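K.L.:
Hey, dropping query-v9.txt in here, compact mmCIF, C-alpha atoms:
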```txt
# COMPACT_ATOMS: atom_id res chain seq x y z
CA MET A 1 0.00 0.00 0.00
CA LEU A 2 3.01 2.29 -0.01
CA TRP A 3 2.20 3.27 -3.59
CA VAL A 4 -1.08 4.77 -2.35
CA LEU A 5 0.84 7.12 -0.07
CA LEU A 6 3.04 8.12 -3.01
CA LEU A 7 -0.08 8.71 -5.09
CA LEU A 8 -1.55 10.97 -2.39
CA VAL A 9 1.70 12.94 -2.27
CA SER A 10 1.59 13.26 -6.07
CA TRP A 11 -1.94 14.63 -5.98
CA ALA A 12 -1.02 17.07 -3.22
CA VAL A 13 2.04 18.36 -5.07
CA ALA A 14 0.19 18.68 -8.38
CA GLY A 15 -2.91 20.23 -6.81
CA VAL A 16 -1.04 22.88 -4.82
CA ALA A 17 1.16 23.89 -7.77
CA CYS A 18 -1.72 24.14 -10.25
CA THR A 19 -3.91 26.00 -7.76
CA ARG A 20 -1.20 28.58 -7.11
CA LEU A 21 -0.71 29.15 -10.83
CA CYS A 22 -4.45 29.56 -11.39
CA LEU A 23 -4.74 32.02 -8.51
CA ALA A 24 -1.77 34.00 -9.86
CA ALA A 25 -3.42 34.18 -13.28
CA VAL A 26 -6.70 35.34 -11.74
CA ARG A 27 -4.96 38.05 -9.73
CA ALA A 28 -3.06 39.21 -12.80
CA ALA A 29 -6.30 39.37 -14.78
CA ALA A 30 -7.89 41.40 -11.99
CA VAL A 31 -5.00 43.86 -12.12
CA HIS A 32 -5.49 44.17 -15.88
CA ASP A 33 -9.21 44.79 -15.50
CA VAL A 34 -8.63 47.58 -13.00
CA GLY A 35 -6.42 49.51 -15.41
CA THR A 36 -8.11 52.32 -17.29
CA ALA A 37 -5.45 53.19 -19.82
CA ASP A 38 -6.29 52.36 -23.40
CA GLY A 39 -2.99 53.42 -24.92
CA GLY A 40 -4.77 55.73 -27.31
CA GLY A 41 -2.46 58.27 -28.90
CA HIS A 42 0.65 56.77 -27.30
CA ASP A 43 3.50 56.25 -29.76
CA LEU A 44 5.80 53.57 -28.36
CA THR A 45 9.50 54.33 -28.41
CA LEU A 46 11.99 51.64 -29.30
CA TYR A 47 12.85 50.96 -25.67
CA GLU A 48 9.19 50.85 -24.63
CA THR A 49 8.51 48.33 -27.40
CA ALA A 50 11.42 46.21 -26.21
CA PHE A 51 10.27 46.26 -22.58
CA LEU A 52 6.66 45.39 -23.36
CA SER A 53 7.78 42.57 -25.64
CA GLY A 54 10.51 40.98 -23.55
CA GLY A 55 11.18 42.86 -20.35
CA PRO A 56 14.39 44.50 -19.06
CA ARG A 57 16.76 42.04 -20.78
CA ARG A 58 15.21 42.84 -24.15
CA VAL A 59 15.85 46.55 -23.56
CA ALA A 60 19.52 45.81 -22.92
CA ASP A 61 19.72 43.68 -26.08
CA VAL A 62 18.20 46.38 -28.28
CA THR A 63 20.57 48.99 -26.83
CA LEU A 64 23.59 46.81 -27.57
CA VAL A 65 22.44 46.05 -31.12
CA ALA A 66 21.64 49.70 -31.85
CA MET A 67 25.03 50.88 -30.60
CA ALA A 68 26.81 48.15 -32.57
CA ARG A 69 25.06 49.11 -35.81
CA GLN A 70 26.08 52.73 -35.31
CA HIS A 71 29.72 51.73 -34.68
CA ARG A 72 29.75 53.10 -31.15
CA LEU A 73 30.11 49.64 -29.65
CA LEU A 74 31.98 46.64 -31.03
CA LEU A 75 30.36 43.27 -30.44
CA ALA A 76 32.92 40.70 -31.48
CA ARG A 77 32.15 37.13 -32.51
CA THR A 78 34.12 36.02 -29.45
CA GLY A 79 31.34 37.35 -27.21
CA TRP A 80 33.07 40.53 -26.04
CA ALA A 81 31.76 44.10 -26.07
CA THR A 82 34.19 46.99 -26.56
CA VAL A 83 33.27 50.65 -26.14
CA VAL A 84 34.18 52.70 -29.22
CA ASP A 85 32.31 55.94 -28.48
CA PRO A 86 32.15 56.68 -24.72
CA LEU A 87 29.43 59.32 -25.14
CA GLY A 88 25.99 57.78 -24.82
CA ARG A 89 23.08 59.43 -26.63
CA ASP A 90 20.46 58.57 -24.04
CA ASP A 91 20.09 57.11 -20.56
CA MET A 92 20.09 53.52 -21.81
CA GLU A 93 23.30 53.91 -23.77
CA ARG A 94 24.96 55.75 -20.89
CA SER A 95 23.95 52.88 -18.61
CA VAL A 96 25.57 50.31 -20.93
CA ILE A 97 28.75 52.40 -21.20
CA GLY A 98 28.77 52.82 -17.42
CA VAL A 99 28.55 49.04 -16.96
CA ILE A 100 31.42 48.33 -19.36
CA GLY A 101 33.51 51.41 -18.60
CA PRO A 102 34.16 54.40 -20.92
CA GLU A 103 37.14 52.67 -22.53
CA GLY A 104 36.49 49.15 -21.31
CA GLN A 105 35.80 45.68 -22.58
CA SER A 106 33.58 43.02 -21.10
CA PRO A 107 31.86 39.75 -21.97
CA ILE A 108 28.37 40.46 -23.27
CA ALA A 109 26.56 38.27 -20.70
CA PRO A 110 27.32 40.35 -17.57
CA VAL A 111 26.74 43.54 -19.54
CA ARG A 112 23.24 42.38 -20.52
CA ALA A 113 22.42 41.39 -16.95
CA ALA A 114 23.78 44.57 -15.37
CA ALA A 115 22.26 46.90 -17.95
CA ALA A 116 18.84 45.30 -17.47
CA ALA A 117 18.97 46.18 -13.77
CA THR A 118 20.00 49.85 -14.09
CA ASP A 119 17.97 52.82 -12.92
CA ALA A 120 17.22 53.76 -16.53
CA VAL A 121 15.40 50.48 -17.15
CA ARG A 122 13.60 50.64 -13.80
CA GLY A 123 12.46 54.16 -14.62
CA LEU A 124 11.18 52.99 -17.99
CA ALA A 125 9.24 50.17 -16.32
CA ASP A 126 7.72 52.58 -13.79
CA ARG A 127 6.57 54.97 -16.51
CA LEU A 128 4.96 52.18 -18.51
CA GLU A 129 3.26 50.80 -15.42
CA ARG A 130 1.87 54.22 -14.47
CA ALA A 131 0.57 54.60 -18.03
CA GLY A 132 -1.24 51.26 -17.71
CA LEU A 133 0.79 49.68 -20.50
CA ALA A 134 2.97 47.33 -18.43
CA VAL A 135 2.05 44.56 -16.03
CA PRO A 136 3.04 45.32 -12.42
CA ASP A 137 6.26 43.56 -11.57
CA GLY A 138 4.67 41.44 -8.82
CA ALA A 139 2.06 39.96 -11.17
CA ALA A 140 4.59 38.96 -13.81
CA THR A 141 6.92 37.43 -11.22
CA THR A 142 4.08 35.47 -9.59
CA ILE A 143 2.95 33.93 -12.89
CA THR A 144 6.53 33.01 -13.77
CA ASP A 145 7.11 31.43 -10.36
CA GLY A 146 3.79 29.58 -10.59
CA THR A 147 4.68 28.12 -13.98
CA ARG A 148 8.06 26.99 -12.65
CA ARG A 149 6.41 25.29 -9.67
CA VAL A 150 4.05 23.39 -11.97
CA ARG A 151 7.03 22.18 -14.03
CA ILE A 152 8.72 20.98 -10.85
CA ALA A 153 5.48 19.31 -9.75
CA ALA A 154 5.24 17.45 -13.07
CA LEU A 155 8.77 16.11 -12.60
CA ALA A 156 8.00 15.17 -9.00
CA VAL A 157 4.85 13.26 -10.00
CA ALA A 158 6.77 11.40 -12.70
CA GLY A 159 9.48 10.51 -10.17
CA LEU A 160 6.98 9.34 -7.56
CA GLY A 161 5.18 7.25 -10.18
CA ALA A 162 8.43 5.60 -11.23
CA THR A 163 9.21 4.87 -7.59
CA ALA A 164 5.79 3.31 -7.08
CA LEU A 165 6.29 1.04 -10.08
CA LEU A 166 9.62 -0.15 -8.67
CA LEU A 167 8.01 -1.19 -5.38
CA PRO A 168 6.79 -4.76 -4.89
CA ALA A 169 3.42 -4.86 -6.63
CA ALA A 170 0.26 -5.62 -4.69
CA SER A 171 -1.31 -8.86 -5.78
CA TYR A 172 -4.71 -7.31 -6.33
CA LEU A 173 -3.58 -4.42 -8.56
CA PRO A 174 -1.54 -4.81 -11.77
CA ARG A 175 1.33 -2.42 -12.41
CA HIS A 176 -0.32 -0.85 -15.43
CA LEU A 177 -3.22 0.27 -13.23
CA VAL A 178 -0.76 1.82 -10.80
CA ALA A 179 0.76 3.70 -13.73
CA LEU A 180 -2.70 4.90 -14.80
CA TRP A 181 -3.41 6.27 -11.34
CA PHE A 182 -0.20 8.31 -11.43
CA ALA A 183 -0.98 9.41 -14.98
CA LEU A 184 -3.93 11.42 -13.65
CA PRO A 185 -1.96 13.99 -11.59
CA LEU A 186 0.71 14.04 -14.29
CA THR A 187 -1.95 14.87 -16.88
CA LEU A 188 -3.24 17.64 -14.61
CA THR A 189 0.16 19.33 -14.39
CA LEU A 190 0.95 18.96 -18.08
CA SER A 191 -2.48 20.30 -19.06
CA CYS A 192 -1.98 23.26 -16.76
CA LEU A 193 1.36 24.02 -18.45
CA VAL A 194 -0.20 23.79 -21.92
CA ILE A 195 -3.03 26.14 -20.95
CA ALA A 196 -0.57 28.58 -19.39
CA ARG A 197 1.52 28.53 -22.56
CA ILE A 198 -1.54 29.33 -24.69
CA GLU A 199 -3.18 31.86 -22.39
CA VAL A 200 -0.02 33.58 -21.18
CA PRO A 201 2.33 34.22 -24.13
CA PRO A 202 5.80 35.60 -23.27
CA TYR A 203 4.89 39.23 -23.95
CA ALA A 204 1.84 38.95 -21.64
CA LEU A 205 4.27 38.80 -18.71
CA TRP A 206 5.28 42.39 -19.42
CA ALA A 207 2.53 44.11 -21.43
CA SER A 208 -0.96 44.83 -20.14
CA PRO A 209 -3.94 44.47 -22.52
CA ALA A 210 -3.52 48.15 -23.47
CA GLY A 211 0.18 47.56 -24.10
CA ARG A 212 -0.53 44.47 -26.19
CA ARG A 213 -2.91 46.47 -28.36
CA LEU A 214 -0.07 48.86 -29.13
CA LEU A 215 2.24 45.94 -29.94
CA GLY A 216 -0.34 44.41 -32.29
CA PRO A 217 0.54 46.36 -35.47
CA LEU A 218 4.28 45.69 -35.07
CA PRO A 219 6.11 43.00 -37.10
CA ARG A 220 5.23 39.52 -35.93
CA ALA A 221 7.25 36.32 -35.80
CA GLY A 222 9.27 35.40 -38.85
CA ALA A 223 9.74 38.95 -40.05
CA ARG A 224 13.53 38.97 -39.94
CA VAL A 225 14.99 42.15 -41.42
CA THR A 226 18.32 42.21 -43.19
CA ALA A 227 21.15 44.56 -42.24
CA ALA A 228 20.52 46.59 -45.38
CA GLY A 229 16.92 47.28 -44.38
CA ASP A 230 15.52 50.39 -42.72
CA ASP A 231 17.26 50.89 -39.38
CA ARG A 232 14.11 51.74 -37.44
CA THR A 233 12.27 48.69 -38.83
CA TYR A 234 15.28 46.50 -38.10
CA LEU A 235 15.59 47.59 -34.47
CA THR A 236 11.82 47.35 -33.96
CA SER A 237 11.96 43.76 -35.15
CA VAL A 238 14.73 43.04 -32.64
CA ALA A 239 12.71 44.77 -29.91
CA VAL A 240 9.66 42.61 -30.64
CA HIS A 241 11.32 39.24 -31.31
CA GLY A 242 14.68 39.47 -29.57
CA ILE A 243 18.09 38.41 -30.78
CA ARG A 244 16.61 35.75 -33.07
CA ALA A 245 15.50 38.63 -35.35
CA VAL A 246 19.11 39.81 -35.85
CA GLY A 247 20.11 39.24 -39.46
CA GLU A 248 23.89 39.77 -39.30
CA PRO A 249 25.79 36.51 -38.66
CA ASP A 250 28.50 38.32 -36.69
CA LEU A 251 26.04 39.90 -34.28
CA ARG A 252 24.17 36.64 -33.81
CA ALA A 253 27.46 34.88 -33.12
CA ALA A 254 28.42 37.52 -30.55
CA PHE A 255 25.24 36.99 -28.56
CA ALA A 256 25.34 33.21 -28.98
CA HIS A 257 28.92 33.06 -27.71
CA HIS A 258 28.06 34.67 -24.37
CA GLU A 259 26.45 31.44 -23.18
CA HIS A 260 29.87 29.78 -23.15
CA ARG A 261 31.42 32.68 -21.25
CA GLU A 262 28.56 33.27 -18.83
CA HIS A 263 29.70 30.93 -16.08
CA ARG A 264 33.45 31.56 -16.29
CA PRO A 265 34.84 33.41 -13.24
CA GLY A 266 36.95 36.53 -13.34
CA HIS A 267 35.16 38.30 -16.18
CA ALA A 268 33.66 41.39 -14.62
CA PRO A 269 32.32 44.28 -16.69
CA GLY A 270 34.98 46.86 -17.40
CA HIS A 271 37.80 44.32 -17.06
CA ARG A 272 40.35 44.13 -19.83
CA PRO A 273 41.43 40.49 -20.14
CA GLY A 274 43.91 39.32 -22.68
CA ASP A 275 47.35 37.87 -23.18
CA ALA A 276 50.50 38.45 -21.20
CA SER A 277 50.73 42.02 -22.43
CA GLY A 278 47.34 42.74 -20.86
CA ARG A 279 45.60 43.53 -24.11
CA HIS A 280 42.51 41.73 -25.30
CA ARG A 281 43.02 40.36 -28.80
CA THR A 282 40.31 41.81 -31.01
CA GLU A 283 42.21 41.69 -34.28
CA GLY A 284 40.29 39.65 -36.75
CA ASP A 285 37.10 39.67 -34.65
CA PRO A 286 34.43 41.13 -36.87
CA GLY A 287 32.05 43.63 -35.40
CA SER A 288 28.66 44.47 -36.77
CA ASP A 289 27.68 45.29 -40.30
CA PRO A 290 27.14 48.95 -41.08
CA GLY A 291 23.71 50.35 -40.58
CA CYS A 292 22.23 53.77 -40.99
CA GLY A 293 21.41 55.86 -37.93
CA GLY A 294 18.21 57.61 -37.21
CA ALA A 295 16.37 55.07 -35.04
CA ARG A 296 14.47 56.75 -32.24
CA GLU A 297 15.75 55.12 -29.06
CA HIS A 298 14.51 57.41 -26.34
```
Translate this file's structure into structure tokens.

P.N.:
Amino acid sequence: MLWVLLLLVSWAVAGVACTRLCLAAVRAAAVHDVGTADGGGHDLTLYETAFLSGGPRRVADVTLVAMARQHRLLLARTGWATVVDPLGRDDMERSVIGVIGPEGQSPIAPVRAAAAATDAVRGLADRLERAGLAVPDGAATTITDGTRRVRIAALAVAGLGATALLLPAASYLPRHLVALWFALPLTLTLSCLVIARIEVPPYALWASPAGRRLLGPLPRAGARVTAAGDDRTYLTSVAVHGIRAVGEPDLRAAFAHHEHREHRPGHAPGHRPGDASGRHRTEGDPGSDPGCGGAREH
């Protein structure tokens, strides 16, 4: 009968996790309903589009890409960012330069993380929230945490079911029936994840219904713009879809490479690593393709 105790634990874990996610979704919907802003007449800036589409990290990504296209920041294929022009044109760019250092170099990963947590991004989030275009930070965090708990619950139910099947089987109940009993709470958790994926798309974690209405006319998935295209359209595509919308192979390689550097110690922003002479080798590391200026970033 030990498998019955494991089954009860499975139901408890699955039920609590799914209930918390449902309650978080209901509270988030209530927050949305209270908002009165309709977004009418509001022309989203590039940074606002990035935040509503992907949150603080997306804002940092768009800033890095925009500066690289204007040759004020070098993003090498090796995953390093080098400041070329130490004079930022707006608060976001000044934040990125401040993270790296006016004449510094740094791996892209810590720059993205630090830039996403600067006062400039927090101020942008506060303005969008006051305008009723962004989801309050607590609601987005609660939904994200709830989804993660349901994933953990699904793994826990699967593990408990496997453990029950390894126990000596009761003579009156075949193993396949034991598996079916554990399939019920597993189905509950997986169904909850599927519904959350459909009902809560990634941008819904950041944009309120009014904000999503403003994002509606913007380029949707699959609209990758080449480097030769209009700069404003290009950066808007990156703001909406993230780094996967970047068309230049060198820029994509620079952002892809940061995953290999992310967990290596001793690479703080502003640090100049390199060979014995103390210089970082950037010779032969391509930067970004040229692009025309003129994108409104503030």

K.L.:
One number please: atom CA of Val99 of chain A to atom CA of Pro86 of chain A, in Å, one decimal.

P.N.:
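Between atom CA of Val99 of chain A and atom CA of Pro86 of chain A the gap works out to 11.5 Å.
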
K.L.:
Just how far from atom CA of Glu199 of chain A is atom CA of Val246 of chain A, in Å to one decimal?

P.N.:
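These two atoms are separated by 27.2 Å.
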
K.L.:
Identify, on the basis of all atoms listed in the file, every residue whose closest approach to segment 171-187 of chain A does not exceed 12 Å; exclude the query and any residue fewer than 5 positions from it along the same chain; express the result as a PyMOL selection string.

P.N.:
chain A and resi 1-18+150-166+192-194

K.L.:
List the neighbours of Ile108 of chain A out to 8 Å using all atoms listed in the file; skip same-chain residues closer than 3 positions along the sequence, and give me the result as an MDAnalysis selection string.

P.N.:
chainID A and resid 75 79:81 111:112 254:255 258

K.L.:
Next, the residues of the selection above should be written as an mmCIF file, keeping the file's coordinate frame with C-alpha atoms.

P.N.:
```cif
data_model
loop_
_atom_site.group_PDB
_atom_site.id
_atom_site.type_symbol
_atom_site.label_atom_id
_atom_site.label_comp_id
_atom_site.auth_asym_id
_atom_site.auth_seq_id
_atom_site.Cartn_x
_atom_site.Cartn_y
_atom_site.Cartn_z
ATOM 1 C CA LEU A 75 30.360 43.270 -30.440
ATOM 2 C CA GLY A 79 31.340 37.350 -27.210
ATOM 3 C CA TRP A 80 33.070 40.530 -26.040
ATOM 4 C CA ALA A 81 31.760 44.100 -26.070
ATOM 5 C CA VAL A 111 26.740 43.540 -19.540
ATOM 6 C CA ARG A 112 23.240 42.380 -20.520
ATOM 7 C CA ALA A 254 28.420 37.520 -30.550
ATOM 8 C CA PHE A 255 25.240 36.990 -28.560
ATOM 9 C CA HIS A 258 28.060 34.670 -24.370
#
```

K.L.:
Measuring atom to atom with only C-alpha atoms, identify which of A:Gly132, A:Pro168, A:Gly55, A:Pro249 is nearest to Ala76 of chain A.

P.N.:
A:Pro249

K.L.:
To one decimal in Å, tell me the separation between atom CA of Glu248 of chain A and atom CA of Arg69 of chain A.

P.N.:
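Here the two named atoms are 10.0 Å from each other.
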
K.L.:
Taking all atoms listed in the file into account, which of A:Asp85, A:Asp119, A:Glu129, A:Asp145 comes nearest Ile100 of chain A?

P.N.:
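Under the stated criterion, the closest residue is A:Asp85.
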
K.L.:
Using only C-alpha atoms, which residue out of A:Gly88, A:Pro110, A:Gly247, A:Pro217 lies closest to Thr49 of chain A?

P.N.:
A:Pro217

K.L.:
Find the residues with any atom within 12 Å of (18.5, 44.9, -14.5); use all atoms listed in the file and the coordinates as given in the file, and write the answer as a PyMOL selection string.

P.N.:
chain A and resi 51+55-61+92+95-96+99+110-125

K.L.:
Would you save the residues of that selection, restricted to C-alpha atoms, as a CSV table (one decimal), keeping the file's coordinate frame?

P.N.:
```
chain,number,residue,atom,x,y,z
A,51,PHE,CA,10.3,46.3,-22.6
A,55,GLY,CA,11.2,42.9,-20.4
A,56,PRO,CA,14.4,44.5,-19.1
A,57,ARG,CA,16.8,42.0,-20.8
A,58,ARG,CA,15.2,42.8,-24.2
A,59,VAL,CA,15.8,46.6,-23.6
A,60,ALA,CA,19.5,45.8,-22.9
A,61,ASP,CA,19.7,43.7,-26.1
A,92,MET,CA,20.1,53.5,-21.8
A,95,SER,CA,24.0,52.9,-18.6
A,96,VAL,CA,25.6,50.3,-20.9
A,99,VAL,CA,28.6,49.0,-17.0
A,110,PRO,CA,27.3,40.4,-17.6
A,111,VAL,CA,26.7,43.5,-19.5
A,112,ARG,CA,23.2,42.4,-20.5
A,113,ALA,CA,22.4,41.4,-17.0
A,114,ALA,CA,23.8,44.6,-15.4
A,115,ALA,CA,22.3,46.9,-18.0
A,116,ALA,CA,18.8,45.3,-17.5
A,117,ALA,CA,19.0,46.2,-13.8
A,118,THR,CA,20.0,49.8,-14.1
A,119,ASP,CA,18.0,52.8,-12.9
A,120,ALA,CA,17.2,53.8,-16.5
A,121,VAL,CA,15.4,50.5,-17.2
A,122,ARG,CA,13.6,50.6,-13.8
A,123,GLY,CA,12.5,54.2,-14.6
A,124,LEU,CA,11.2,53.0,-18.0
A,125,ALA,CA,9.2,50.2,-16.3
```

K.L.:
Edge lengths and centre in Å to one decimal, as lines of an AutoDock Vina configuration file, is what I'm after for the box along x, y and z that holds all listed atoms of segment 78-88 of chain A once 5 Å is added on each side.

P.N.:
```
center_x = 30.1
center_y = 47.7
center_z = -27.1
size_x = 18.2
size_y = 33.3
size_z = 14.7
```
